[in-house]
Each structure stands twice: as C-alpha cells, then as structure tokens.
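This report concerns only the one structure given below.
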Amino acid sequence: MENIEIAGVLTDVADLLELQGANPFRIRAYRNAAQTVEEHGTPLRKLVDGGADLTDLPGIGKDMAQHIGELVKSGRLTLLSRLAEEIPLSLIELTRLPGLGAKRTRRLWTELGVETIAELESAAKESRIEALAGFGKKTQDKILVAIDRYRHRQGRMKLGDADQHVQPLVEYMRGHETVREIEVAGSYRRRKDTVGDIDLLVVAVEPGAVTEHFVAYPDVRKVQSSGATRSSVILSSGLQVDLRIVRPESYGAALVYFTGSKEHNVKLRTRAVRRGLRISEYGVFRGGEEPDDNDDPWVGEFVTGSNEAEVYGVVELDWIPPELRENRGEIEAAERHVLPPLLVLGDIRGDLQMHSAWSDGKETIETMLEACAARGYEYFAITDHSKALAMTGGLDTAKLREQWVEMAEVADRHSEIRLLRGMEVDILVDGRLDLEDEMLAELDIVLVSVHSRFDLDPAEQTERILKAIQHPQVNVLAHPTGRQINRRDPMQFDLDAVLQCAKDNGVAVEINAHPDRLDLNDVHVIQAREHGCSFVISTDAHRVSDLDLMRYGVEQARRGWLEKQHVWNALPYEILTRLLEKGL
DNA sequence: GCCGTTTTCGGCCCGACTGTTTTCAGTCG
C-alpha cells in the first residue's frame, strides 16, 4: 500500500467522522495525519516493515501509528469498516460539492434518504430539498448547478492552462484606474502543478468600482457572490476566480493569508499566538479580545501588515518563497535562517531534451539552435526519439547517422552555442535500450524513457527501469513516472529503488518541464534529493515556443527545494560534459 | 486524536458571504 492510498483512507475516516458530527479536533487530527503520510518521502510500508517508530512523524501518535500499521499489513482499516457500517461511504462524494458540507449532507441523507449524486439530483429536481427546514429554493438550485459543474469539470486545472486564463484577467484588472496592487495568491502563486480556484488579491481605493469591473469581465460566465471585500465568479472555462479587496496596510498579511498553504498558515498563526500576537488577513495584532463572529477584526494593537516580509519578521522568521509554503520544514528553516538559495530561471544554461522534425518535432535542428541561442543558452541537446516509437518517426541507426551529418553542418555554421548530440532512447519492455551500444557510445547525451507498457506489474516495471539506467552509456532518466496530469496516472514501480540506482550510476533524473507532465513532481524531487540524486530540467520541446516552458520546470524544482548546484543544466558546459562522460 | 522551551490537561487559525434566517448556521478558503 502506497502513502497516497494510506492518506486516502485516513481522509475517508476524517470525512465520515465529520458526517457523524464527531469532535472537530479529532477530525483534524486525521486530516493532519493524512497530509503527513502523503508528503512523506519514503513509503511508510518500508518504515513499518523495518520496525520504525511512526510516532516520530508529525501528527502521528499512538492511534495513527496503529492504523497505519494495520493498513500496511492487511490493506484494510477496522475503524473505516466500522464507520462505513453506520454511514454510507458514497456520502463523501456529496460533501465535495460546493455548498454542501458535512451537516447538510447528513440531513439530506437522514431526512430524504439521499446517498448518491444521482439521488441528490432527483431530490432536487423533485423539489424535495427546498421543503426541508433551513434549506430553500436557492440552495436547491445551487445544488443542481454544482452537480452539473462537478460532472463537467472533475479535478483540478493544470497550472499551464490556468496561466492562459489568469494572465489576461490580471491585465484587465490592472487596467482599472483605482487598482493599486494586484497579485494572484493561492496555489497558483505557490506554483503547484494543478490549481483548484484562483485567488486574486487587490489593493484598491474604491472597492465598489473594482468589484463592478471584476464581475463585468467578458469571460465571466456566472457571478457566484459579490460583496464589499470578496466576490467570486466562474469563467467560461469553468475556472472559479475569487477576488479579495484589501486596504494597503493589510496587503502583506492578506498575501500571506491567501497564498497559504493552509497548513503553512496554521503553523504561522500558532507561532504568533505563542508570542501574544494574532495574524489575520488584516494584519498582525497584539492584545485585544479574540474577535467573535460579528466583531470588528481590527481589535487590539495593529503591529504590521502592509508587506509580507514584515509579517514573517514579527514572528522571527525570514521571508519564505511562496513555492516552499507547504509546511514541509520551511518554517523551521526560516527560523534558523537556513532557507536554501533556490534555483532561478536565470541559472539555467541549456535545455537537454527537445525534438526536431527528424522525429515528431516541428522544426529543423538549425531553427531550434537559433531559438536556444536567442534565449542566451550556452548549450542545448537535440534528443529525437528512437525507432521503437514508430508513430513519432523514431530514428533507426541509419537515420541517426544521417542526422549526425546535419548536426555537424549546423554546428559548423554556429559558434554562439554548443550543440550536444543526443537521443531519447526508448526503454524496451525487458529493460534493453532501443539503440545499439556502439551508437550509444557516440552520443554526447543519452536520455532513456518509458513510452510503452505503462501498466506492467510493479516489480517488473522496477526491474525494467533499473536495468535500463544501469547501462553505462545512460545519462538521464527522462519523465521518470510517465504521468500526464489529468490524463495518465504515474506508472507503478519502486521509485526509491530507481532513485538510489540512478544516484549510484551517475544518472540524473529529469524534471520534465512540460505543464502536462511536470514529472518528477515536487514531492518526488524532495525524495530524489534525499537519495542524493542530480537533476536535469528539460522542456521536451517539439516547437520553438515550447522552449519557454522551462520556467514550469524551474518552479517545480523550487518546490522541491533545489539549488543551482543540484541541476546539471545550471552548470557550465565544461562541468556538464565531464558529468556526461561519467568518469569513463 | 495530537501535542508540550508556559502545559501530560486543555487547548487546537480566522473571517466573509449566502440563505434562510428574527439572531445565525453552514460552508468555504
């Protein structure tokens, strides 16, 4: 059982407890434990098998350790089975609908017998929901809209897609004369690989006018709510955008608050409370009564709030880059002034995976060269597919030799950038490589990757990849898990074993920067770093414009705490080529 | 259910908006 599955079970328990009306702090304990499990680098089953004490992990106490142990050993959890006898598991899905929480869902179940989305839809269409006390016609209508939207757009939007919708909106909002500051907060600012909703934060002198301007944005399909400080709309893409308008003195505090993550904020506030301070989206306050539901949030002495660094400063922390705000140790590092100097886009000296028209790319080698040179790169690699990928026009030995002739000619015409002769060689189903050894030896850089049989039994898949990366000519394991966000799940295999093997054999692991892949992801990057791996960040470009996707890879690297020295293509050409020769 | 450089008991982050409400519950982020 993988960590993500264990976390899923603990989350199910939390949801069922919530439907039961259990102690909210007990519920939170299960959610906290789920987060710890999901983000833990190595599989917990290994820790359990090794007899490690799980209660050393944050948020894992005696009970949680026992639950995890049971899950690892039997794949089942008695507690969950017992809860599921009392409350249908299918209700969990209902609570995912916006507007339906645990309490309303429970009432729909007990009073109307609703257990599934389909039954909920029938109940709404038959006007049985508006007849319940405390529910009304509007609530019933909202439920129908929510069901429709749920079916239309499952899951989260890819970060790259979100950028397409968000950038024009930001430009539009910036165009309003009363907007002083504007920033997109939330997981978008943290550069998470997918985003749920968009949180737009604005400082403006006339909130009313800005709100009107916002809801009048041409791409708005539906206005969900609209108030003095907060409005929410759905764009035609289905993306929800929440606008928050704050005063200048609160801008930094609001940025912290709405950038999150939730777990990061909780820790930050707890830290403030210990110092007799209260951090809200309005600022940092000292003293004063805790504001109740309808109280003025401005009670107490206003300490600071206009900029982020000061908010962190009053709780004795260095400013933390948004990409790190996931409660993965960044607060502790900020306290000790040891936050890493994260990689930046400007550190990148070359791009080590791209395709040309020789296989499935759209451009000539020379066009790609000129585009790379225009981006100021010191070097780049052409890495077309090998012959197993027939549909991409993968190159066989004869074609590859022909390509080398053209590469040499192009390189002769250009001294401004170094061209590395590379290939993305397919890992065949038995772990052999799709190119002869003598050809591999003549390449400057050899990438290997899986493009077939993603469904292999995990043990076989692991063996296949291990065999491939132990080949002495291999330099980079490209898109290691094979995932395509919202389209194809990562392959099942022992990533830990592969990472260790890569490290031992001088093979770098790729962060594929394409926003459809982002593979390795942030959590895997942290995991790979713990194994001591080196990294390559590549765009996998198939056309010139794809070269600009590099920033997405750098963002995920930052989320994985990477610095310049961890990344091969942030190193000078001379050092890179030495690493590629693997000391042979 | 977890946790402790104030604590092994008593805390656990905070506020806005909506809808159905005569004073507030539920939900969300």
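FYI, nothing fancy with the structure tokens labels: chains A, B, ... in order, residues from 1 per chain, ligands from 1 as they appear.
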> Running DSSP on the backbone, which parts of stretch 271-330 of chain A land in strand (DSSP E or B), as an NGL selection string?
Replying inline: :A and (277-280 or 283-286 or 301-304)
Could you produce a table of the residues of chain A lying within 7 Å of chain B, with the nearest pair of atoms per residue and their separation in Å rounded to one decimal, using only C-alpha atoms (C1' of nucleotides), ordered by chain and increasing residue number, as a Markdown table?
| residue | atom | partner | partner_atom | distance |
| --- | --- | --- | --- | --- |
| A:Phe25 | CA | B:DC12 | C1' | 6.7 |
| A:Arg26 | CA | B:DG1 | C1' | 4.8 |
| A:Ala29 | CA | B:DG1 | C1' | 5.3 |
| A:Gly59 | CA | B:DC2 | C1' | 6.0 |
| A:Gly61 | CA | B:DC2 | C1' | 6.4 |
| A:Gly99 | CA | B:DT27 | C1' | 6.0 |
| A:Gly101 | CA | B:DT27 | C1' | 6.3 |
| A:Gly134 | CA | B:DT20 | C1' | 6.1 |
| A:Val266 | CA | B:DC13 | C1' | 5.6 |
| A:Arg269 | CA | B:DC13 | C1' | 6.2 |
| A:Ser280 | CA | B:DC14 | C1' | 6.4 |
Please write the residues from the selection above to a file, keeping C-alpha atoms, as a PDB file, in the first residue's frame.
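That gives us result.pdb:
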ATOM      1  CA  PHE A  25     -10.260  18.328  16.532  1.00  0.00           C
ATOM      2  CA  ARG A  26     -10.315  14.590  16.220  1.00  0.00           C
ATOM      3  CA  ALA A  29      -6.068  15.011  13.593  1.00  0.00           C
ATOM      4  CA  GLY A  59       0.782  14.461  13.699  1.00  0.00           C
ATOM      5  CA  GLY A  61       0.503   9.477  17.612  1.00  0.00           C
ATOM      6  CA  GLY A  99     -22.315  24.419  -0.890  1.00  0.00           C
ATOM      7  CA  GLY A 101     -20.782  20.310   3.796  1.00  0.00           C
ATOM      8  CA  GLY A 134     -33.283  25.536   6.724  1.00  0.00           C
ATOM      9  CA  VAL A 266      -1.907  27.251  10.674  1.00  0.00           C
ATOM     10  CA  ARG A 269      -0.591  31.587  13.370  1.00  0.00           C
ATOM     11  CA  SER A 280      -5.320  37.516  10.262  1.00  0.00           C
TER      12      SER A 280
END
> Neighbours of A:Glu301 within 10 Å (only C-alpha atoms (C1' of nucleotides); same-chain residues fewer than 2 positions away dropped), as a list in words?
Replying inline: Leu277, Arg278, Val284, Phe285, Arg286, Gly287, Gly288, Trp298, Val299, Val303 and Thr304 of chain A
Write out the residues from the selection above, keeping N, CA and C atoms, as a PDB file, in the first residue's frame.
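Now in selection-v6.pdb:
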ATOM      1  N   LEU A 277       0.502  37.331  19.757  1.00  0.00           N
ATOM      2  CA  LEU A 277       0.073  38.045  18.553  1.00  0.00           C
ATOM      3  C   LEU A 277      -1.047  37.279  17.869  1.00  0.00           C
ATOM      4  N   ARG A 278      -1.776  37.986  17.022  1.00  0.00           N
ATOM      5  CA  ARG A 278      -2.831  37.345  16.238  1.00  0.00           C
ATOM      6  C   ARG A 278      -2.629  37.756  14.785  1.00  0.00           C
ATOM      7  N   VAL A 284      -1.174  41.918  11.622  1.00  0.00           N
ATOM      8  CA  VAL A 284      -0.729  41.284  12.852  1.00  0.00           C
ATOM      9  C   VAL A 284      -1.148  42.199  14.003  1.00  0.00           C
ATOM     10  N   PHE A 285      -1.814  41.630  15.001  1.00  0.00           N
ATOM     11  CA  PHE A 285      -2.333  42.421  16.117  1.00  0.00           C
ATOM     12  C   PHE A 285      -1.788  41.889  17.435  1.00  0.00           C
ATOM     13  N   ARG A 286      -1.641  42.830  18.380  1.00  0.00           N
ATOM     14  CA  ARG A 286      -1.222  42.427  19.718  1.00  0.00           C
ATOM     15  C   ARG A 286      -2.332  42.760  20.696  1.00  0.00           C
ATOM     16  N   GLY A 287      -2.656  41.807  21.547  1.00  0.00           N
ATOM     17  CA  GLY A 287      -3.648  42.032  22.584  1.00  0.00           C
ATOM     18  C   GLY A 287      -5.059  42.169  22.034  1.00  0.00           C
ATOM     19  N   GLY A 288      -5.971  42.624  22.886  1.00  0.00           N
ATOM     20  CA  GLY A 288      -7.365  42.743  22.478  1.00  0.00           C
ATOM     21  C   GLY A 288      -8.050  41.408  22.587  1.00  0.00           C
ATOM     22  N   TRP A 298     -10.494  44.336  13.662  1.00  0.00           N
ATOM     23  CA  TRP A 298      -9.372  45.253  13.890  1.00  0.00           C
ATOM     24  C   TRP A 298      -9.117  45.521  15.367  1.00  0.00           C
ATOM     25  N   VAL A 299      -9.624  44.674  16.267  1.00  0.00           N
ATOM     26  CA  VAL A 299      -9.381  44.918  17.690  1.00  0.00           C
ATOM     27  C   VAL A 299      -7.924  44.647  18.037  1.00  0.00           C
ATOM     28  N   VAL A 303       0.066  45.811  14.618  1.00  0.00           N
ATOM     29  CA  VAL A 303       1.530  45.770  14.659  1.00  0.00           C
ATOM     30  C   VAL A 303       2.112  46.006  13.279  1.00  0.00           C
ATOM     31  N   THR A 304       1.659  45.226  12.313  1.00  0.00           N
ATOM     32  CA  THR A 304       2.149  45.406  10.948  1.00  0.00           C
ATOM     33  C   THR A 304       1.213  44.674   9.994  1.00  0.00           C
TER      34      THR A 304
END
>> Show me, as a ChimeraX atom specification, the residues that have an atom within 8 Å of stretch 225-242 of chain A when counting only C-alpha atoms (C1' of nucleotides), minus same-chain residues fewer than 6 positions from it.
In response: /A:149,153,157,162,196-200,207-208,211,215,219 /B:16-17
Residues as selected, C-alpha atoms (C1' of nucleotides), written as a PDB file, in the first residue's frame, can you do that?
ATOM      1  CA  ARG A 149     -20.261  21.552 -12.793  1.00  0.00           C
ATOM      2  CA  ARG A 153     -15.017  19.501 -14.737  1.00  0.00           C
ATOM      3  CA  MET A 157      -6.828  22.586 -13.698  1.00  0.00           C
ATOM      4  CA  ALA A 162      -4.658  28.255 -15.565  1.00  0.00           C
ATOM      5  CA  GLY A 196      -8.364  24.455  -7.935  1.00  0.00           C
ATOM      6  CA  ASP A 197      -9.601  28.018  -7.736  1.00  0.00           C
ATOM      7  CA  ILE A 198      -7.842  31.291  -8.403  1.00  0.00           C
ATOM      8  CA  ASP A 199      -7.429  33.811  -5.584  1.00  0.00           C
ATOM      9  CA  LEU A 200      -6.994  37.324  -6.890  1.00  0.00           C
ATOM     10  CA  PRO A 207     -13.632  48.628  -3.689  1.00  0.00           C
ATOM     11  CA  GLY A 208     -17.124  49.007  -5.122  1.00  0.00           C
ATOM     12  CA  THR A 211     -15.905  44.769  -7.846  1.00  0.00           C
ATOM     13  CA  VAL A 215     -17.828  40.924 -12.450  1.00  0.00           C
ATOM     14  CA  ASP A 219     -15.093  35.917 -19.831  1.00  0.00           C
TER      15      ASP A 219
ATOM     16  C1'  DA B  16     -16.681  36.620   4.825  1.00  0.00           C
ATOM     17  C1'  DC B  17     -20.707  35.500   2.353  1.00  0.00           C
TER      18       DC B  17
END
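Across stretch 357-403 of chain A, DSSP run on the backbone finds alpha helix (DSSP H) at A:Ile365, A:Glu366, A:Thr367, A:Met368, A:Leu369, A:Glu370, A:Ala371, A:Cys372, A:Ala373, A:Ala374, A:Thr397, A:Ala398, A:Lys399, A:Leu400, A:Arg401, A:Glu402, A:Gln403.
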Deliver the residues from the most recent selection as a file, using C-alpha atoms, as a short mmCIF file (atom, residue, chain, number, x, y, z; two decimals), in the first residue's frame.
data_model
loop_
_atom_site.label_atom_id
_atom_site.label_comp_id
_atom_site.auth_asym_id
_atom_site.auth_seq_id
_atom_site.Cartn_x
_atom_site.Cartn_y
_atom_site.Cartn_z
CA ILE A 365 17.75 21.49 -35.95
CA GLU A 366 19.01 24.88 -37.05
CA THR A 367 15.77 26.61 -36.07
CA MET A 368 15.91 25.06 -32.62
CA LEU A 369 19.57 26.07 -32.31
CA GLU A 370 18.84 29.67 -33.15
CA ALA A 371 15.92 29.73 -30.70
CA CYS A 372 18.11 28.33 -27.91
CA ALA A 373 20.87 30.81 -28.69
CA ALA A 374 18.30 33.63 -28.63
CA THR A 397 20.70 3.62 -36.80
CA ALA A 398 20.92 4.70 -40.43
CA LYS A 399 18.68 7.73 -39.91
CA LEU A 400 20.56 8.70 -36.79
CA ARG A 401 23.85 8.71 -38.73
CA GLU A 402 22.25 10.93 -41.34
CA GLN A 403 21.07 13.27 -38.60
#
